[in-house]
Amino acid sequence: MKLLESRVRAEGHALDERVLLVDSFLNHQVDPELMLEIGKEFARLFAEEGITRVVTVESSGIAPATMTALVMRLPLVIMKKYPKRRNQEGLLETEVYSFTKNQPYILTVKREFIHTGDRVLLINDFLANGEAAFGAIRLIEAAGATACGVGAVVCKSFQPGKGKLLEKGYRVEALADVAFMQKNTIRFVGETL
Ligand code: 5GP
């Protein structure tokens, strides 16, 4: 998505070779108009998948996932993170390793909000090692639903998440797919030098 790539290039800040900061429009301040364009693009890409529910992981996935759900006219479910297991009845839980915090957390969703047979689209802000995506997929599948696709606003393809998801047969769509980055340099997949 060219509009997003331009914003990443203009405002993104590669902290190092692994972490990209896009705080001015996605992770801290949010640009709602850009989020709406992102929602339209995900809705277009996954239009033929028979999606019945959009799911995201708190907190930075919420803005793009809300817009996707709005455009698709579907409910949005936000998976929540806790430091420890809650062992509550009706709550599905799985451990996930956090890319940014370098420690595990417990990802949860109430069983009642994902129905058996649902066809779920997972939207998140970033796809790096795939830990958050695989955690969310475990919960979706534990609820008896199908994970029909993963939409990442930004994917860093030089990290293993996208490859692992594709290898397991999940569909992945990234709106800005970063092939390489270094301080002050960002190169997208398919971009010629
Ligand atoms: P993964 O689980 O795929 O390794 O990482 C995904 C999660 O880690 C995202 O939901 C996001 O919160 C965070 N994350 C991963 N890489 C980056 C990054 O380069 N920048 C920012 N801001 N967050 C990231």
# chains A, B, ... in the order shown; residues from 1 in each chain; ligands from 1

$ select_by_dssp --residues "region 129-191 of chain A" --states "strand (DSSP E)" --output "mmCIF file with N, CA and C atoms, in the first residue's frame"
data_model
loop_
_atom_site.group_PDB
_atom_site.id
_atom_site.type_symbol
_atom_site.label_atom_id
_atom_site.label_comp_id
_atom_site.auth_asym_id
_atom_site.auth_seq_id
_atom_site.Cartn_x
_atom_site.Cartn_y
_atom_site.Cartn_z
ATOM 1 N N THR A 146 -12.047 -20.790 12.560
ATOM 2 C CA THR A 146 -10.970 -20.926 11.574
ATOM 3 C C THR A 146 -10.274 -19.583 11.405
ATOM 4 N N ALA A 147 -8.942 -19.600 11.461
ATOM 5 C CA ALA A 147 -8.168 -18.387 11.187
ATOM 6 C C ALA A 147 -7.981 -18.318 9.669
ATOM 7 N N CYS A 148 -8.733 -17.420 9.035
ATOM 8 C CA CYS A 148 -8.730 -17.367 7.562
ATOM 9 C C CYS A 148 -7.663 -16.447 7.011
ATOM 10 N N GLY A 149 -7.064 -15.638 7.864
ATOM 11 C CA GLY A 149 -6.023 -14.754 7.357
ATOM 12 C C GLY A 149 -5.451 -13.888 8.448
ATOM 13 N N VAL A 150 -4.238 -13.428 8.187
ATOM 14 C CA VAL A 150 -3.555 -12.509 9.091
ATOM 15 C C VAL A 150 -3.233 -11.261 8.280
ATOM 16 N N GLY A 151 -3.700 -10.115 8.773
ATOM 17 C CA GLY A 151 -3.388 -8.853 8.116
ATOM 18 C C GLY A 151 -2.486 -8.041 9.025
ATOM 19 N N ALA A 152 -1.296 -7.739 8.536
ATOM 20 C CA ALA A 152 -0.357 -6.939 9.324
ATOM 21 C C ALA A 152 -0.248 -5.574 8.670
ATOM 22 N N VAL A 153 -0.375 -4.516 9.467
ATOM 23 C CA VAL A 153 -0.186 -3.183 8.890
ATOM 24 C C VAL A 153 1.270 -3.085 8.423
ATOM 25 N N VAL A 154 2.198 -3.438 9.313
ATOM 26 C CA VAL A 154 3.618 -3.470 8.936
ATOM 27 C C VAL A 154 4.160 -4.859 9.234
ATOM 28 N N CYS A 155 4.793 -5.467 8.248
ATOM 29 C CA CYS A 155 5.468 -6.749 8.453
ATOM 30 C C CYS A 155 6.966 -6.501 8.257
ATOM 31 N N LYS A 156 7.755 -7.133 9.102
ATOM 32 C CA LYS A 156 9.207 -7.072 8.878
ATOM 33 C C LYS A 156 9.602 -8.467 8.393
ATOM 34 N N VAL A 172 -1.292 -14.555 4.681
ATOM 35 C CA VAL A 172 -0.759 -13.342 5.311
ATOM 36 C C VAL A 172 -0.774 -12.208 4.288
ATOM 37 N N GLU A 173 -1.304 -11.069 4.692
ATOM 38 C CA GLU A 173 -1.244 -9.867 3.849
ATOM 39 C C GLU A 173 -0.613 -8.756 4.673
ATOM 40 N N ALA A 174 0.435 -8.162 4.137
ATOM 41 C CA ALA A 174 1.104 -7.062 4.827
ATOM 42 C C ALA A 174 0.968 -5.820 3.962
ATOM 43 N N LEU A 175 0.564 -4.714 4.567
ATOM 44 C CA LEU A 175 0.352 -3.496 3.768
ATOM 45 C C LEU A 175 1.643 -2.725 3.551
ATOM 46 N N ALA A 176 2.582 -2.877 4.479
ATOM 47 C CA ALA A 176 3.944 -2.352 4.260
ATOM 48 C C ALA A 176 4.864 -3.483 4.691
ATOM 49 N N ASP A 177 5.629 -3.994 3.741
ATOM 50 C CA ASP A 177 6.442 -5.186 3.995
ATOM 51 C C ASP A 177 7.920 -4.783 3.944
ATOM 52 N N VAL A 178 8.523 -4.711 5.115
ATOM 53 C CA VAL A 178 9.898 -4.203 5.200
ATOM 54 C C VAL A 178 10.881 -5.359 4.983
ATOM 55 N N ALA A 179 11.737 -5.209 3.981
ATOM 56 C CA ALA A 179 12.707 -6.254 3.654
ATOM 57 C C ALA A 179 13.978 -6.095 4.471
ATOM 58 N N PHE A 180 14.267 -4.841 4.788
ATOM 59 C CA PHE A 180 15.551 -4.547 5.418
ATOM 60 C C PHE A 180 15.468 -3.185 6.079
ATOM 61 N N MET A 181 16.093 -3.058 7.238
ATOM 62 C CA MET A 181 16.204 -1.707 7.802
ATOM 63 C C MET A 181 17.463 -1.552 8.641
ATOM 64 N N GLN A 182 17.871 -0.337 8.692
ATOM 65 C CA GLN A 182 19.038 0.079 9.452
ATOM 66 C C GLN A 182 18.716 1.472 9.904
ATOM 67 N N THR A 185 17.594 3.923 7.248
ATOM 68 C CA THR A 185 17.335 3.265 5.954
ATOM 69 C C THR A 185 16.225 2.231 6.122
ATOM 70 N N ILE A 186 15.213 2.337 5.257
ATOM 71 C CA ILE A 186 14.148 1.335 5.242
ATOM 72 C C ILE A 186 13.957 0.910 3.789
ATOM 73 N N ARG A 187 14.004 -0.410 3.544
ATOM 74 C CA ARG A 187 13.747 -0.887 2.172
ATOM 75 C C ARG A 187 12.564 -1.850 2.208
ATOM 76 N N PHE A 188 11.601 -1.651 1.315
ATOM 77 C CA PHE A 188 10.422 -2.502 1.273
ATOM 78 C C PHE A 188 10.639 -3.672 0.319
#

$ residues_near_ligand --ligand "ligand 1" --cutoff "7 Å" --atoms "only C-alpha atoms and all ligand atoms" --output "number ranges by chain"
A: 18-22, 27, 57, 60-61, 97-100, 124-133, 161

$ write_last_selection --atoms "N, CA, C and O atoms" --output "compact mmCIF listing (two decimals), in the first residue's frame"
# COMPACT_ATOMS: atom_id res chain seq x y z
N ARG A 18 16.12 -3.98 14.22
CA ARG A 18 14.97 -4.84 14.54
C ARG A 18 13.68 -4.07 14.81
O ARG A 18 12.60 -4.57 14.53
N VAL A 19 13.79 -2.90 15.42
CA VAL A 19 12.58 -2.21 15.89
C VAL A 19 12.33 -0.92 15.10
O VAL A 19 13.19 -0.06 15.01
N LEU A 20 11.11 -0.85 14.56
CA LEU A 20 10.70 0.32 13.78
C LEU A 20 9.67 1.10 14.60
O LEU A 20 8.70 0.52 15.08
N LEU A 21 9.90 2.38 14.77
CA LEU A 21 8.93 3.20 15.49
C LEU A 21 8.06 3.97 14.49
O LEU A 21 8.60 4.66 13.62
N VAL A 22 6.77 3.81 14.63
CA VAL A 22 5.83 4.59 13.81
C VAL A 22 4.80 5.22 14.77
O VAL A 22 3.60 5.11 14.59
N ASN A 27 1.30 3.83 16.59
CA ASN A 27 1.50 3.26 17.92
C ASN A 27 1.32 4.22 19.10
O ASN A 27 1.26 3.78 20.24
N VAL A 57 -5.21 -7.88 18.74
CA VAL A 57 -4.53 -8.00 20.02
C VAL A 57 -4.33 -6.58 20.53
O VAL A 57 -3.88 -5.71 19.79
N SER A 60 -2.12 -1.77 20.06
CA SER A 60 -1.95 -1.02 18.81
C SER A 60 -2.63 -1.64 17.61
O SER A 60 -2.70 -1.02 16.55
N GLY A 61 -3.17 -2.85 17.76
CA GLY A 61 -3.92 -3.43 16.65
C GLY A 61 -5.34 -2.87 16.59
O GLY A 61 -6.04 -3.04 15.57
N TYR A 97 5.21 -14.81 23.83
CA TYR A 97 6.45 -14.09 24.15
C TYR A 97 6.43 -12.73 23.47
O TYR A 97 6.25 -12.63 22.26
N SER A 98 6.59 -11.68 24.27
CA SER A 98 6.50 -10.32 23.72
C SER A 98 7.79 -9.90 23.02
O SER A 98 8.87 -9.96 23.60
N PHE A 99 7.62 -9.44 21.78
CA PHE A 99 8.76 -8.98 21.00
C PHE A 99 9.36 -7.71 21.60
O PHE A 99 10.57 -7.57 21.71
N THR A 100 8.50 -6.79 22.02
CA THR A 100 9.00 -5.50 22.48
C THR A 100 9.44 -5.51 23.94
O THR A 100 10.34 -4.79 24.33
N ASN A 124 -3.28 -7.06 13.00
CA ASN A 124 -2.40 -6.52 14.03
C ASN A 124 -1.52 -5.40 13.44
O ASN A 124 -1.41 -5.27 12.23
N ASP A 125 -0.92 -4.63 14.34
CA ASP A 125 -0.09 -3.51 13.87
C ASP A 125 1.19 -4.02 13.19
O ASP A 125 1.50 -3.66 12.07
N PHE A 126 1.92 -4.91 13.90
CA PHE A 126 3.20 -5.40 13.38
C PHE A 126 3.21 -6.92 13.33
O PHE A 126 2.60 -7.59 14.18
N LEU A 127 3.94 -7.47 12.38
CA LEU A 127 4.25 -8.91 12.37
C LEU A 127 5.76 -9.02 12.34
O LEU A 127 6.42 -8.55 11.40
N ALA A 128 6.32 -9.60 13.40
CA ALA A 128 7.78 -9.73 13.51
C ALA A 128 8.14 -11.22 13.60
O ALA A 128 8.30 -11.88 12.57
N ASN A 129 8.20 -11.76 14.80
CA ASN A 129 8.50 -13.19 14.95
C ASN A 129 7.26 -14.07 14.86
O ASN A 129 7.37 -15.29 14.82
N GLY A 130 6.12 -13.44 14.88
CA GLY A 130 4.87 -14.19 14.74
C GLY A 130 4.31 -14.73 16.05
O GLY A 130 3.30 -15.43 16.06
N GLU A 131 4.92 -14.39 17.17
CA GLU A 131 4.46 -14.93 18.46
C GLU A 131 3.02 -14.49 18.75
O GLU A 131 2.19 -15.30 19.17
N ALA A 132 2.75 -13.20 18.58
CA ALA A 132 1.40 -12.70 18.87
C ALA A 132 0.39 -13.33 17.92
O ALA A 132 -0.69 -13.77 18.35
N ALA A 133 0.74 -13.44 16.64
CA ALA A 133 -0.18 -14.01 15.66
C ALA A 133 -0.46 -15.49 15.98
O ALA A 133 -1.61 -15.92 16.00
N GLY A 161 8.30 -14.38 11.38
CA GLY A 161 6.86 -14.58 11.56
C GLY A 161 6.09 -14.88 10.29
O GLY A 161 5.34 -15.86 10.23

$ atom_distance --atom1 "CA of Gly50 (chain A)" --atom2 "CA of Thr66 (chain A)"
17.9 Å

$ atom_distance --atom1 "CA of Ser157 (chain A)" --atom2 "CA of Gly190 (chain A)"
11.4 Å

$ residues_around --residues "Leu122 (chain A)" --least-positions-apart "2" --cutoff "6 Å" --atoms "only C-alpha atoms" --output "PyMOL selection string"
chain A and resi 54-56+150

$ atom_distance --atom1 "CA of His13 (chain A)" --atom2 "CA of Gln29 (chain A)"
14.3 Å

$ select_by_dssp --residues "region 45-169 of chain A" --states "helix (DSSP H, G or I)" --output "compact mmCIF listing (two decimals) with N, CA and C atoms, in the first residue's frame"
# COMPACT_ATOMS: atom_id res chain seq x y z
N LEU A 45 -8.78 -6.97 0.36
CA LEU A 45 -7.93 -8.15 0.21
C LEU A 45 -8.62 -9.43 0.69
N ALA A 47 -11.94 -9.91 0.99
CA ALA A 47 -13.38 -9.87 0.65
C ALA A 47 -13.96 -11.24 0.32
N GLU A 48 -13.13 -12.12 -0.26
CA GLU A 48 -13.66 -13.40 -0.73
C GLU A 48 -13.52 -14.52 0.30
N GLU A 49 -13.10 -14.21 1.51
CA GLU A 49 -12.80 -15.26 2.50
C GLU A 49 -13.99 -15.63 3.39
N ILE A 62 -5.78 -2.22 17.67
CA ILE A 62 -7.20 -1.86 17.78
C ILE A 62 -7.63 -0.86 16.69
N ALA A 63 -6.81 0.16 16.44
CA ALA A 63 -7.23 1.19 15.47
C ALA A 63 -7.39 0.60 14.06
N PRO A 64 -6.37 -0.06 13.50
CA PRO A 64 -6.59 -0.61 12.15
C PRO A 64 -7.66 -1.71 12.11
N ALA A 65 -7.76 -2.51 13.18
CA ALA A 65 -8.76 -3.59 13.19
C ALA A 65 -10.17 -3.03 13.28
N THR A 66 -10.35 -1.93 14.03
CA THR A 66 -11.68 -1.31 14.13
C THR A 66 -12.14 -0.85 12.76
N MET A 67 -11.23 -0.20 12.04
CA MET A 67 -11.60 0.31 10.71
C MET A 67 -11.88 -0.84 9.74
N THR A 68 -11.12 -1.92 9.87
CA THR A 68 -11.36 -3.09 9.00
C THR A 68 -12.75 -3.66 9.30
N ALA A 69 -13.05 -3.81 10.59
CA ALA A 69 -14.35 -4.36 10.98
C ALA A 69 -15.49 -3.44 10.53
N LEU A 70 -15.25 -2.13 10.64
CA LEU A 70 -16.27 -1.16 10.23
C LEU A 70 -16.58 -1.30 8.73
N VAL A 71 -15.49 -1.34 7.93
CA VAL A 71 -15.69 -1.44 6.48
C VAL A 71 -16.34 -2.79 6.12
N MET A 72 -15.96 -3.85 6.84
CA MET A 72 -16.52 -5.18 6.54
C MET A 72 -17.88 -5.39 7.20
N ARG A 111 -14.51 -16.87 25.70
CA ARG A 111 -15.00 -17.91 24.80
C ARG A 111 -16.27 -17.45 24.06
N GLU A 112 -17.10 -16.67 24.76
CA GLU A 112 -18.39 -16.28 24.19
C GLU A 112 -18.27 -15.35 22.98
N PHE A 113 -17.07 -14.72 22.82
CA PHE A 113 -16.94 -13.75 21.73
C PHE A 113 -16.35 -14.33 20.44
N GLU A 131 4.92 -14.39 17.17
CA GLU A 131 4.46 -14.93 18.46
C GLU A 131 3.02 -14.49 18.75
N ALA A 132 2.75 -13.20 18.58
CA ALA A 132 1.40 -12.70 18.87
C ALA A 132 0.39 -13.33 17.92
N ALA A 133 0.74 -13.44 16.64
CA ALA A 133 -0.18 -14.01 15.66
C ALA A 133 -0.46 -15.49 15.98
N PHE A 134 0.59 -16.25 16.26
CA PHE A 134 0.37 -17.67 16.57
C PHE A 134 -0.42 -17.83 17.87
N GLY A 135 -0.18 -16.95 18.86
CA GLY A 135 -0.95 -17.01 20.10
C GLY A 135 -2.42 -16.76 19.83
N ALA A 136 -2.70 -15.72 19.04
CA ALA A 136 -4.09 -15.40 18.71
C ALA A 136 -4.73 -16.55 17.92
N ILE A 137 -3.98 -17.15 17.02
CA ILE A 137 -4.51 -18.27 16.22
C ILE A 137 -4.82 -19.47 17.13
N ARG A 138 -3.95 -19.71 18.13
CA ARG A 138 -4.24 -20.82 19.08
C ARG A 138 -5.59 -20.59 19.76
N LEU A 139 -5.85 -19.34 20.16
CA LEU A 139 -7.12 -19.05 20.84
C LEU A 139 -8.30 -19.18 19.88
N ILE A 140 -8.12 -18.69 18.66
CA ILE A 140 -9.19 -18.78 17.64
C ILE A 140 -9.54 -20.25 17.40
N GLU A 141 -8.50 -21.07 17.25
CA GLU A 141 -8.73 -22.48 16.95
C GLU A 141 -9.28 -23.22 18.18
N ALA A 142 -8.84 -22.80 19.38
CA ALA A 142 -9.36 -23.43 20.61
C ALA A 142 -10.86 -23.14 20.74
N GLY A 161 8.30 -14.38 11.38
CA GLY A 161 6.86 -14.58 11.56
C GLY A 161 6.09 -14.88 10.29
N LYS A 162 6.28 -14.06 9.28
CA LYS A 162 5.52 -14.23 8.03
C LYS A 162 5.80 -15.60 7.41
N GLY A 163 7.08 -15.95 7.33
CA GLY A 163 7.46 -17.23 6.73
C GLY A 163 6.84 -18.41 7.49
N LYS A 164 6.85 -18.33 8.82
CA LYS A 164 6.31 -19.44 9.62
C LYS A 164 4.80 -19.58 9.42
N LEU A 165 4.11 -18.44 9.34
CA LEU A 165 2.66 -18.49 9.13
C LEU A 165 2.33 -19.08 7.76
N LEU A 166 3.09 -18.64 6.74
CA LEU A 166 2.85 -19.14 5.38
C LEU A 166 3.12 -20.64 5.31
N GLU A 167 4.20 -21.05 5.99
CA GLU A 167 4.58 -22.48 6.02
C GLU A 167 3.46 -23.33 6.62
